[in-house]
$ cat start20.cif   # mmCIF, C-alpha atoms and all ligand atoms
data_protein
loop_
_atom_site.label_atom_id
_atom_site.label_comp_id
_atom_site.auth_asym_id
_atom_site.auth_seq_id
_atom_site.Cartn_x
_atom_site.Cartn_y
_atom_site.Cartn_z
CA MET A 1 -14.29 20.36 24.65
CA SER A 2 -11.26 20.50 26.98
CA GLU A 3 -8.32 22.79 26.33
CA SER A 4 -6.03 19.85 25.73
CA ALA A 5 -8.08 18.63 22.76
CA SER A 6 -6.05 18.44 19.58
CA PRO A 7 -7.13 20.25 16.40
CA ALA A 8 -7.88 16.86 14.86
CA LEU A 9 -10.30 16.04 17.67
CA ALA A 10 -11.95 19.44 17.42
CA SER A 11 -12.41 18.84 13.74
CA ASN A 12 -13.81 15.38 14.42
CA ALA A 13 -16.42 16.84 16.77
CA ALA A 14 -17.37 19.46 14.19
CA ILE A 15 -17.70 16.77 11.51
CA GLU A 16 -20.05 14.81 13.78
CA ASP A 17 -22.12 17.94 14.53
CA ALA A 18 -22.38 18.71 10.82
CA ALA A 19 -23.45 15.12 10.09
CA VAL A 20 -26.18 15.36 12.73
CA LEU A 21 -27.52 18.57 11.14
CA PHE A 22 -27.53 16.93 7.72
CA ARG A 23 -29.19 13.76 8.95
CA SER A 24 -32.18 15.73 10.22
CA ALA A 25 -32.29 18.17 7.31
CA LYS A 26 -35.32 18.04 5.00
CA ARG A 27 -34.25 20.65 2.47
CA ALA A 28 -30.48 21.00 2.59
CA VAL A 29 -28.58 23.20 0.16
CA VAL A 30 -24.85 23.06 -0.58
CA LEU A 31 -23.03 26.05 -2.04
CA THR A 32 -19.73 25.12 -3.67
CA GLY A 33 -16.80 27.20 -4.87
CA ALA A 34 -13.37 26.75 -6.40
CA GLY A 35 -12.02 24.89 -3.32
CA ILE A 36 -14.08 21.78 -4.11
CA SER A 37 -12.47 21.48 -7.55
CA THR A 38 -8.82 22.25 -6.78
CA PRO A 39 -8.25 18.61 -5.69
CA SER A 40 -9.44 17.66 -9.20
CA GLY A 41 -6.60 19.74 -10.63
CA ILE A 42 -8.56 22.85 -11.57
CA PRO A 43 -6.82 26.04 -10.50
CA ASP A 44 -8.75 28.82 -8.83
CA PHE A 45 -8.08 31.45 -11.47
CA ARG A 46 -9.11 34.22 -9.11
CA SER A 47 -6.43 33.23 -6.59
CA GLU A 48 -3.05 34.84 -6.65
CA GLY A 49 -0.19 32.41 -7.24
CA SER A 50 -2.24 30.00 -9.33
CA GLY A 51 -0.16 30.31 -12.49
CA LEU A 52 -3.02 31.60 -14.58
CA TRP A 53 -3.13 34.77 -12.54
CA SER A 54 0.54 35.61 -12.88
CA ARG A 55 0.53 35.36 -16.69
CA ASP A 56 -2.51 37.48 -17.29
CA GLU A 57 -4.88 39.56 -15.26
CA PRO A 58 -8.20 37.60 -15.29
CA MET A 59 -10.27 40.68 -14.53
CA GLU A 60 -9.02 42.06 -17.84
CA VAL A 61 -8.60 39.05 -20.10
CA ALA A 62 -11.65 37.13 -18.84
CA SER A 63 -13.90 40.13 -19.28
CA LEU A 64 -16.81 40.70 -21.61
CA THR A 65 -14.97 43.70 -23.06
CA MET A 66 -11.98 41.57 -24.00
CA PHE A 67 -14.22 38.90 -25.48
CA ARG A 68 -15.93 41.49 -27.68
CA THR A 69 -12.85 43.47 -28.71
CA ALA A 70 -10.13 40.79 -28.88
CA PRO A 71 -11.74 37.34 -28.74
CA GLU A 72 -8.50 35.62 -29.83
CA ARG A 73 -6.80 36.96 -26.67
CA PHE A 74 -9.66 35.69 -24.54
CA PHE A 75 -9.57 32.24 -26.16
CA HIS A 76 -5.79 32.06 -25.85
CA TRP A 77 -6.09 32.70 -22.10
CA PHE A 78 -9.09 30.38 -21.72
CA ARG A 79 -7.63 27.39 -23.55
CA PRO A 80 -5.48 25.84 -20.77
CA LEU A 81 -8.28 26.33 -18.25
CA ALA A 82 -10.83 24.78 -20.62
CA GLY A 83 -8.46 21.85 -21.15
CA GLN A 84 -8.11 21.24 -17.43
CA MET A 85 -11.89 21.35 -16.98
CA PHE A 86 -12.66 19.17 -19.99
CA TYR A 87 -10.40 16.36 -18.82
CA ALA A 88 -10.91 16.75 -15.04
CA GLN A 89 -12.64 14.06 -13.01
CA PRO A 90 -14.85 14.63 -9.97
CA ASN A 91 -13.23 13.96 -6.60
CA ALA A 92 -14.53 12.37 -3.39
CA ALA A 93 -16.38 15.55 -2.37
CA HIS A 94 -18.33 15.78 -5.65
CA ARG A 95 -19.16 12.07 -5.44
CA ALA A 96 -20.27 12.33 -1.79
CA LEU A 97 -22.68 15.14 -2.68
CA ALA A 98 -24.12 13.16 -5.59
CA GLU A 99 -24.64 10.16 -3.32
CA PHE A 100 -26.30 12.29 -0.65
CA GLU A 101 -28.53 13.95 -3.24
CA ALA A 102 -29.68 10.52 -4.36
CA SER A 103 -30.77 9.80 -0.77
CA GLY A 104 -33.33 12.59 -1.10
CA ASN A 105 -32.44 15.12 1.60
CA LEU A 106 -30.12 17.32 -0.43
CA LYS A 107 -32.41 19.39 -2.62
CA THR A 108 -30.02 21.69 -4.44
CA ILE A 109 -26.37 22.26 -5.20
CA ILE A 110 -25.56 25.86 -6.00
CA THR A 111 -22.13 26.19 -7.57
CA GLN A 112 -19.90 29.07 -8.52
CA ASN A 113 -17.87 26.64 -10.62
CA ILE A 114 -18.18 26.29 -14.38
CA ASP A 115 -16.33 22.95 -14.57
CA MET A 116 -19.26 20.48 -14.86
CA LEU A 117 -17.77 18.25 -12.14
CA HIS A 118 -20.98 18.01 -10.09
CA GLN A 119 -22.80 16.73 -13.17
CA LYS A 120 -19.95 14.35 -14.02
CA ALA A 121 -20.30 12.96 -10.48
CA GLY A 122 -24.01 12.33 -11.09
CA SER A 123 -25.67 15.27 -9.34
CA GLN A 124 -29.03 16.18 -10.87
CA ASN A 125 -30.14 19.50 -9.42
CA VAL A 126 -27.22 21.87 -9.91
CA ILE A 127 -27.64 25.62 -10.21
CA GLU A 128 -24.65 27.19 -11.94
CA THR A 129 -24.61 30.81 -10.85
CA HIS A 130 -21.53 31.74 -12.86
CA GLY A 131 -22.59 29.90 -15.99
CA THR A 132 -21.16 26.70 -17.40
CA LEU A 133 -18.70 25.29 -19.87
CA ARG A 134 -21.29 22.68 -20.92
CA THR A 135 -22.75 24.90 -23.62
CA LEU A 136 -21.69 27.62 -26.05
CA SER A 137 -23.89 30.28 -27.60
CA CYS A 138 -23.59 31.99 -30.96
CA THR A 139 -22.85 35.69 -30.60
CA ASP A 140 -24.88 36.44 -33.72
CA CYS A 141 -27.81 34.04 -34.15
CA PHE A 142 -27.88 33.05 -30.43
CA ARG A 143 -28.23 29.31 -31.12
CA LYS A 144 -26.93 27.17 -28.24
CA PHE A 145 -24.61 24.20 -28.75
CA ASP A 146 -23.30 21.38 -26.60
CA SER A 147 -19.67 22.31 -25.96
CA ALA A 148 -18.55 18.68 -26.36
CA LEU A 149 -18.84 19.24 -30.13
CA PHE A 150 -16.26 22.04 -30.11
CA LEU A 151 -14.08 21.77 -27.01
CA LYS A 152 -11.75 19.03 -28.17
CA SER A 153 -10.63 20.81 -31.35
CA PHE A 154 -10.40 24.10 -29.46
CA ILE A 155 -8.25 22.58 -26.73
CA GLU A 156 -6.07 20.44 -28.97
CA ASP A 157 -5.79 22.56 -32.16
CA GLU A 158 -6.65 26.00 -30.77
CA LYS A 159 -9.56 26.29 -33.19
CA ILE A 160 -11.79 29.13 -32.04
CA PRO A 161 -15.36 27.70 -31.96
CA LEU A 162 -17.51 29.05 -34.78
CA CYS A 163 -21.25 28.75 -35.37
CA PRO A 164 -22.04 25.99 -37.90
CA TYR A 165 -24.99 28.08 -39.16
CA CYS A 166 -23.68 31.64 -39.43
CA ASN A 167 -19.94 31.30 -38.78
CA ALA A 168 -19.95 33.85 -35.95
CA ILE A 169 -17.84 33.23 -32.85
CA LEU A 170 -19.37 30.99 -30.19
CA LYS A 171 -19.10 32.25 -26.62
CA PRO A 172 -18.78 29.73 -23.81
CA ASP A 173 -21.82 30.17 -21.52
CA VAL A 174 -19.57 31.13 -18.62
CA ILE A 175 -20.06 34.47 -16.92
CA LEU A 176 -17.17 36.79 -17.67
CA PHE A 177 -16.11 39.75 -15.60
CA GLY A 178 -18.42 42.64 -16.41
CA GLU A 179 -21.25 40.30 -17.35
CA GLN A 180 -24.60 39.83 -15.58
CA LEU A 181 -25.34 36.60 -13.74
CA PRO A 182 -27.80 34.31 -15.56
CA GLN A 183 -31.08 35.62 -14.18
CA ALA A 184 -32.99 32.32 -14.07
CA ALA A 185 -30.19 30.57 -12.18
CA TRP A 186 -29.85 33.47 -9.76
CA HIS A 187 -33.57 33.52 -8.94
CA GLU A 188 -33.60 29.76 -8.51
CA ALA A 189 -30.59 29.97 -6.16
CA GLN A 190 -32.29 32.59 -4.01
CA ARG A 191 -35.49 30.56 -3.85
CA ALA A 192 -33.53 27.47 -2.77
CA VAL A 193 -31.66 29.22 0.06
CA ARG A 194 -34.79 30.90 1.38
CA GLN A 195 -36.50 27.53 1.69
CA CYS A 196 -33.60 25.48 3.03
CA ASP A 197 -33.16 24.32 6.62
CA VAL A 198 -29.39 23.74 6.37
CA ILE A 199 -26.91 25.43 4.08
CA LEU A 200 -23.37 24.13 3.76
CA VAL A 201 -20.68 26.25 2.12
CA ALA A 202 -17.96 24.02 0.66
CA GLY A 203 -14.74 25.45 -0.72
CA SER A 204 -15.85 29.02 -1.23
CA SER A 205 -14.20 32.02 0.39
CA LEU A 206 -17.46 33.92 -0.17
CA GLU A 207 -15.72 36.82 -1.84
CA VAL A 208 -17.66 37.14 -5.09
CA LEU A 209 -20.95 38.99 -4.86
CA PRO A 210 -23.84 38.52 -5.13
CA VAL A 211 -23.46 34.75 -4.57
CA ALA A 212 -21.46 35.42 -1.40
CA GLY A 213 -24.62 36.87 0.14
CA LEU A 214 -26.68 33.67 -0.21
CA PRO A 215 -25.73 32.19 3.20
CA MET A 216 -27.05 35.35 4.88
CA GLN A 217 -30.37 34.97 3.08
CA ALA A 218 -30.56 31.39 4.37
CA LEU A 219 -29.78 32.52 7.94
CA ASP A 220 -32.44 35.23 7.74
CA HIS A 221 -34.94 32.46 6.98
CA GLY A 222 -33.89 30.35 9.96
CA ALA A 223 -31.45 27.89 8.36
CA HIS A 224 -28.35 26.45 9.99
CA LEU A 225 -25.02 27.41 8.41
CA ILE A 226 -21.99 25.12 8.07
CA ILE A 227 -18.79 26.38 6.44
CA ILE A 228 -15.92 24.17 5.22
CA ASN A 229 -13.11 26.19 3.71
CA ASN A 230 -9.34 26.43 3.97
CA THR A 231 -9.44 30.13 4.76
CA PRO A 232 -11.79 32.24 6.89
CA THR A 233 -14.88 33.82 5.32
CA TYR A 234 -16.85 36.89 6.37
CA ALA A 235 -19.75 34.60 7.37
CA ASN A 236 -17.76 32.47 9.85
CA VAL A 237 -19.01 34.57 12.81
CA ARG A 238 -22.60 33.66 11.92
CA ALA A 239 -22.00 29.97 11.23
CA ASP A 240 -23.17 27.13 13.50
CA ILE A 241 -20.16 25.05 12.48
CA VAL A 242 -16.87 26.11 10.86
CA ILE A 243 -14.33 23.57 9.64
CA MET A 244 -11.12 25.09 8.28
CA ASP A 245 -9.88 22.12 6.33
CA ASP A 246 -9.71 20.49 2.92
CA VAL A 247 -13.20 19.96 1.46
CA SER A 248 -12.34 16.73 -0.35
CA SER A 249 -11.43 14.99 2.92
CA VAL A 250 -14.01 16.54 5.28
CA LEU A 251 -17.14 16.56 3.12
CA PRO A 252 -17.18 12.82 2.29
CA GLU A 253 -16.83 12.04 6.01
CA ILE A 254 -19.78 14.28 6.90
CA MET A 255 -21.96 12.78 4.16
CA LYS A 256 -20.99 9.23 5.13
CA ARG A 257 -21.93 9.77 8.77
CA ALA A 258 -25.14 11.62 7.79
CA LEU A 259 -26.19 8.71 5.59
CA HIS A 260 -25.07 5.76 7.65
CA GLY A 261 -24.95 7.11 11.21
ZN ZN B 301 -24.87 31.55 -35.38
#
$ encode --input "start20.cif" --output "structure tokens"
Amino acid sequence: MSESASPALASNAAIEDAAVLFRSAKRAVVLTGAGISTPSGIPDFRSEGSGLWSRDEPMEVASLTMFRTAPERFFHWFRPLAGQMFYAQPNAAHRALAEFEASGNLKTIITQNIDMLHQKAGSQNVIETHGTLRTLSCTDCFRKFDSALFLKSFIEDEKIPLCPYCNAILKPDVILFGEQLPQAAWHEAQRAVRQCDVILVAGSSLEVLPVAGLPMQALDHGAHLIIINNTPTYANVRADIVIMDDVSSVLPEIMKRALHG
């Protein structure tokens, strides 16, 4: 590319290169983070300046310790976020991934998000490494419930979800600070990246371990790495293609060209 090329043209070339990689991929994996859901109105609660951070310190209030010692404080913090997720709709990037998955060459979506938007868009094979808001579990009898039964009254009337069998508090199946990752999901994610031929990181700054290490595992097994994120990540130096742009505009374009040439 000549020195006079504009950033838009550079980005266009990178989009084309990414589409070519995806078109020939047999076992592609996409790893998504908060950046894919911000265009759907869901704040990245780990990011400074996102409202939720300034009011409370998530590391403290969204921790397992807080949930156990002062669940009402946890639920009070969680309620606006749960409301945004419950009512949020998938955007063009979620829909493009679902469409590409249906074509057969995208094997797995690994997401750090708990917002259910990949599933709402129609994706089938989604590994949720940080848990999910789709289900709640009883802290006493460990029964699992579909969160749809409880979320509306929690969001609208601030009713803390209680187990219909034993009346203990129900914990959303999201991974809180200080809590272990769900082991089955984590093993499945590692298996997927070790077998993939292309891994695309979409909207993750790759700052939260151990998920942030997955692209390196893919590279060690010979996969190509594509990164689309607004800010640089530690893995950019190892990536085949880096696009520093908005996921919801870039990803649909890549998927469209990969599918239709
Ligand atoms: Zn129970």
$ atom_distance --input "start20.cif" --atom1 "CA of Thr111 (chain A)" --atom2 "CA of Pro161 (chain A)"
25.4 Å
$ closest_atom_pairs --input "start20.cif" --of "chain A" --to "ligand ZN 301 (chain B)" --cutoff "8 Å" --atoms "all atoms listed in the file" --output "tab-separated table"
residue	atom	partner	partner_atom	distance
A:Ser137	CA	B:ZN301	ZN	7.9
A:Cys138	CA	B:ZN301	ZN	4.6
A:Thr139	CA	B:ZN301	ZN	6.6
A:Asp140	CA	B:ZN301	ZN	5.2
A:Cys141	CA	B:ZN301	ZN	4.0
A:Phe142	CA	B:ZN301	ZN	6.0
A:Arg143	CA	B:ZN301	ZN	5.9
A:Leu162	CA	B:ZN301	ZN	7.8
A:Cys163	CA	B:ZN301	ZN	4.6
A:Pro164	CA	B:ZN301	ZN	6.7
A:Tyr165	CA	B:ZN301	ZN	5.1
A:Cys166	CA	B:ZN301	ZN	4.2
A:Asn167	CA	B:ZN301	ZN	6.0
A:Ala168	CA	B:ZN301	ZN	5.5
A:Ile169	CA	B:ZN301	ZN	7.7
A:Leu170	CA	B:ZN301	ZN	7.6
$ write_last_selection --input "start20.cif" --atoms "C-alpha atoms" --output "compact mmCIF listing (two decimals), keeping the file's coordinate frame"
# COMPACT_ATOMS: atom_id res chain seq x y z
CA SER A 137 -23.89 30.28 -27.60
CA CYS A 138 -23.59 31.99 -30.96
CA THR A 139 -22.85 35.69 -30.60
CA ASP A 140 -24.88 36.44 -33.72
CA CYS A 141 -27.81 34.04 -34.15
CA PHE A 142 -27.88 33.05 -30.43
CA ARG A 143 -28.23 29.31 -31.12
CA LEU A 162 -17.51 29.05 -34.78
CA CYS A 163 -21.25 28.75 -35.37
CA PRO A 164 -22.04 25.99 -37.90
CA TYR A 165 -24.99 28.08 -39.16
CA CYS A 166 -23.68 31.64 -39.43
CA ASN A 167 -19.94 31.30 -38.78
CA ALA A 168 -19.95 33.85 -35.95
CA ILE A 169 -17.84 33.23 -32.85
CA LEU A 170 -19.37 30.99 -30.19
$ closest_residue --input "start20.cif" --among "A:Glu16, A:Asp146, A:Asp44, A:Glu188" --to "Lys107 (chain A)" --atoms "all atoms listed in the file"
A:Glu188
$ closest_residue --input "start20.cif" --among "A:Ser11, A:Ser123, A:Gln84, A:Thr129" --to "Thr108 (chain A)" --atoms "all atoms listed in the file"
A:Ser123
$ closest_residue --input "start20.cif" --among "A:Ala82, A:Val61, A:Ala34, A:Ile199" --to "Phe177 (chain A)" --atoms "all atoms listed in the file"
A:Val61
$ residues_around --input "start20.cif" --residues "region 245-259 of chain A" --least-positions-apart "4" --cutoff "6 Å" --atoms "only C-alpha atoms" --output "list in words"
Ile15, Ala19, Phe22, Arg23, Ile36, Ala92, Ala93, Ala96, Asn229 and Asn230 of chain A
$ closest_residue --input "start20.cif" --among "A:Asp17, A:Asp115, A:Glu128, A:Glu179" --to "Met85 (chain A)" --atoms "all atoms listed in the file"
A:Asp115
$ residues_around --input "start20.cif" --residues "Ala218 (chain A)" --least-positions-apart "2" --cutoff "10 Å" --atoms "all atoms listed in the file" --output "ChimeraX atom specification"
/A:29,190-199,213-216,220-225
$ closest_residue --input "start20.cif" --among "A:Ile114, A:Val126, A:Ile226, A:Ala88" --to "Pro172 (chain A)" --atoms "all atoms listed in the file"
A:Ile114
$ residues_around --input "start20.cif" --residues "His118 (chain A)" --least-positions-apart "4" --cutoff "10 Å" --atoms "only C-alpha atoms" --output "PyMOL selection string"
chain A and resi 32+36-37+89-91+93-95+97-98+109-111+113-114+122-126
$ write_last_selection --input "start20.cif" --atoms "C-alpha atoms" --output "PDB file, keeping the file's coordinate frame"
ATOM      1  CA  THR A  32     -19.730  25.120  -3.670  1.00  0.00           C
ATOM      2  CA  ILE A  36     -14.080  21.780  -4.110  1.00  0.00           C
ATOM      3  CA  SER A  37     -12.470  21.480  -7.550  1.00  0.00           C
ATOM      4  CA  GLN A  89     -12.640  14.060 -13.010  1.00  0.00           C
ATOM      5  CA  PRO A  90     -14.850  14.630  -9.970  1.00  0.00           C
ATOM      6  CA  ASN A  91     -13.230  13.960  -6.600  1.00  0.00           C
ATOM      7  CA  ALA A  93     -16.380  15.550  -2.370  1.00  0.00           C
ATOM      8  CA  HIS A  94     -18.330  15.780  -5.650  1.00  0.00           C
ATOM      9  CA  ARG A  95     -19.160  12.070  -5.440  1.00  0.00           C
ATOM     10  CA  LEU A  97     -22.680  15.140  -2.680  1.00  0.00           C
ATOM     11  CA  ALA A  98     -24.120  13.160  -5.590  1.00  0.00           C
ATOM     12  CA  ILE A 109     -26.370  22.260  -5.200  1.00  0.00           C
ATOM     13  CA  ILE A 110     -25.560  25.860  -6.000  1.00  0.00           C
ATOM     14  CA  THR A 111     -22.130  26.190  -7.570  1.00  0.00           C
ATOM     15  CA  ASN A 113     -17.870  26.640 -10.620  1.00  0.00           C
ATOM     16  CA  ILE A 114     -18.180  26.290 -14.380  1.00  0.00           C
ATOM     17  CA  GLY A 122     -24.010  12.330 -11.090  1.00  0.00           C
ATOM     18  CA  SER A 123     -25.670  15.270  -9.340  1.00  0.00           C
ATOM     19  CA  GLN A 124     -29.030  16.180 -10.870  1.00  0.00           C
ATOM     20  CA  ASN A 125     -30.140  19.500  -9.420  1.00  0.00           C
ATOM     21  CA  VAL A 126     -27.220  21.870  -9.910  1.00  0.00           C
TER      22      VAL A 126
END
$ closest_residue --input "start20.cif" --among "A:Ile241, A:Leu21, A:Ile127, A:Leu151" --to "Ala184 (chain A)" --atoms "only C-alpha atoms"
A:Ile127
$ atom_distance --input "start20.cif" --atom1 "CA of Ser205 (chain A)" --atom2 "CA of Phe78 (chain A)"
22.8 Å
$ atom_distance --input "start20.cif" --atom1 "CA of Gln112 (chain A)" --atom2 "CA of Leu219 (chain A)"
19.5 Å
$ residues_around --input "start20.cif" --residues "Gln180 (chain A)" --least-positions-apart "2" --cutoff "12 Å" --atoms "all atoms listed in the file" --output "PyMOL selection string"
chain A and resi 63-64+129-131+173-178+182-186+209-210
$ axis_aligned_box --input "start20.cif" --around "region 224-239 of chain A" --padding-each-side "3 Å" --output "JSON"
{"center_x": -18.8, "center_y": 30.5, "center_z": 8.3, "size_x": 25.0, "size_y": 18.7, "size_z": 15.1}
$ build_atoms --input "start20.cif" --residues "region 58-75 of chain A" --atoms "N, CA and C atoms" --output "PDB file, in the coordinates of the input"
ATOM      1  N   PRO A  58      -6.892  38.129 -14.882  1.00  0.00           N
ATOM      2  CA  PRO A  58      -8.200  37.600 -15.290  1.00  0.00           C
ATOM      3  C   PRO A  58      -9.275  38.664 -15.405  1.00  0.00           C
ATOM      4  N   MET A  59      -9.236  39.638 -14.489  1.00  0.00           N
ATOM      5  CA  MET A  59     -10.270  40.680 -14.530  1.00  0.00           C
ATOM      6  C   MET A  59     -10.272  41.368 -15.899  1.00  0.00           C
ATOM      7  N   GLU A  60      -9.092  41.400 -16.538  1.00  0.00           N
ATOM      8  CA  GLU A  60      -9.020  42.060 -17.840  1.00  0.00           C
ATOM      9  C   GLU A  60      -9.291  41.063 -18.973  1.00  0.00           C
ATOM     10  N   VAL A  61      -8.541  39.958 -18.956  1.00  0.00           N
ATOM     11  CA  VAL A  61      -8.600  39.050 -20.100  1.00  0.00           C
ATOM     12  C   VAL A  61      -9.879  38.217 -20.112  1.00  0.00           C
ATOM     13  N   ALA A  62     -10.404  37.907 -18.919  1.00  0.00           N
ATOM     14  CA  ALA A  62     -11.650  37.130 -18.840  1.00  0.00           C
ATOM     15  C   ALA A  62     -12.849  38.054 -18.715  1.00  0.00           C
ATOM     16  N   SER A  63     -12.796  39.174 -19.368  1.00  0.00           N
ATOM     17  CA  SER A  63     -13.900  40.130 -19.280  1.00  0.00           C
ATOM     18  C   SER A  63     -14.711  40.132 -20.578  1.00  0.00           C
ATOM     19  N   LEU A  64     -15.936  40.610 -20.451  1.00  0.00           N
ATOM     20  CA  LEU A  64     -16.810  40.700 -21.610  1.00  0.00           C
ATOM     21  C   LEU A  64     -16.224  41.661 -22.642  1.00  0.00           C
ATOM     22  N   THR A  65     -15.592  42.725 -22.157  1.00  0.00           N
ATOM     23  CA  THR A  65     -14.970  43.700 -23.060  1.00  0.00           C
ATOM     24  C   THR A  65     -13.893  43.050 -23.913  1.00  0.00           C
ATOM     25  N   MET A  66     -13.036  42.246 -23.250  1.00  0.00           N
ATOM     26  CA  MET A  66     -11.980  41.570 -24.000  1.00  0.00           C
ATOM     27  C   MET A  66     -12.578  40.598 -25.008  1.00  0.00           C
ATOM     28  N   PHE A  67     -13.612  39.870 -24.573  1.00  0.00           N
ATOM     29  CA  PHE A  67     -14.220  38.900 -25.480  1.00  0.00           C
ATOM     30  C   PHE A  67     -14.765  39.597 -26.734  1.00  0.00           C
ATOM     31  N   ARG A  68     -15.334  40.783 -26.537  1.00  0.00           N
ATOM     32  CA  ARG A  68     -15.930  41.490 -27.680  1.00  0.00           C
ATOM     33  C   ARG A  68     -14.883  42.154 -28.562  1.00  0.00           C
ATOM     34  N   THR A  69     -13.810  42.679 -27.928  1.00  0.00           N
ATOM     35  CA  THR A  69     -12.850  43.470 -28.710  1.00  0.00           C
ATOM     36  C   THR A  69     -11.687  42.632 -29.237  1.00  0.00           C
ATOM     37  N   ALA A  70     -11.260  41.621 -28.453  1.00  0.00           N
ATOM     38  CA  ALA A  70     -10.130  40.790 -28.880  1.00  0.00           C
ATOM     39  C   ALA A  70     -10.369  39.349 -28.491  1.00  0.00           C
ATOM     40  N   PRO A  71     -11.370  38.702 -29.152  1.00  0.00           N
ATOM     41  CA  PRO A  71     -11.740  37.340 -28.740  1.00  0.00           C
ATOM     42  C   PRO A  71     -10.574  36.360 -28.801  1.00  0.00           C
ATOM     43  N   GLU A  72      -9.632  36.559 -29.737  1.00  0.00           N
ATOM     44  CA  GLU A  72      -8.500  35.620 -29.830  1.00  0.00           C
ATOM     45  C   GLU A  72      -7.649  35.676 -28.554  1.00  0.00           C
ATOM     46  N   ARG A  73      -7.545  36.861 -27.932  1.00  0.00           N
ATOM     47  CA  ARG A  73      -6.800  36.960 -26.670  1.00  0.00           C
ATOM     48  C   ARG A  73      -7.540  36.230 -25.546  1.00  0.00           C
ATOM     49  N   PHE A  74      -8.864  36.414 -25.537  1.00  0.00           N
ATOM     50  CA  PHE A  74      -9.660  35.690 -24.540  1.00  0.00           C
ATOM     51  C   PHE A  74      -9.483  34.182 -24.708  1.00  0.00           C
ATOM     52  N   PHE A  75      -9.636  33.691 -25.936  1.00  0.00           N
ATOM     53  CA  PHE A  75      -9.570  32.240 -26.160  1.00  0.00           C
ATOM     54  C   PHE A  75      -8.171  31.694 -25.869  1.00  0.00           C
TER      55      PHE A  75
END
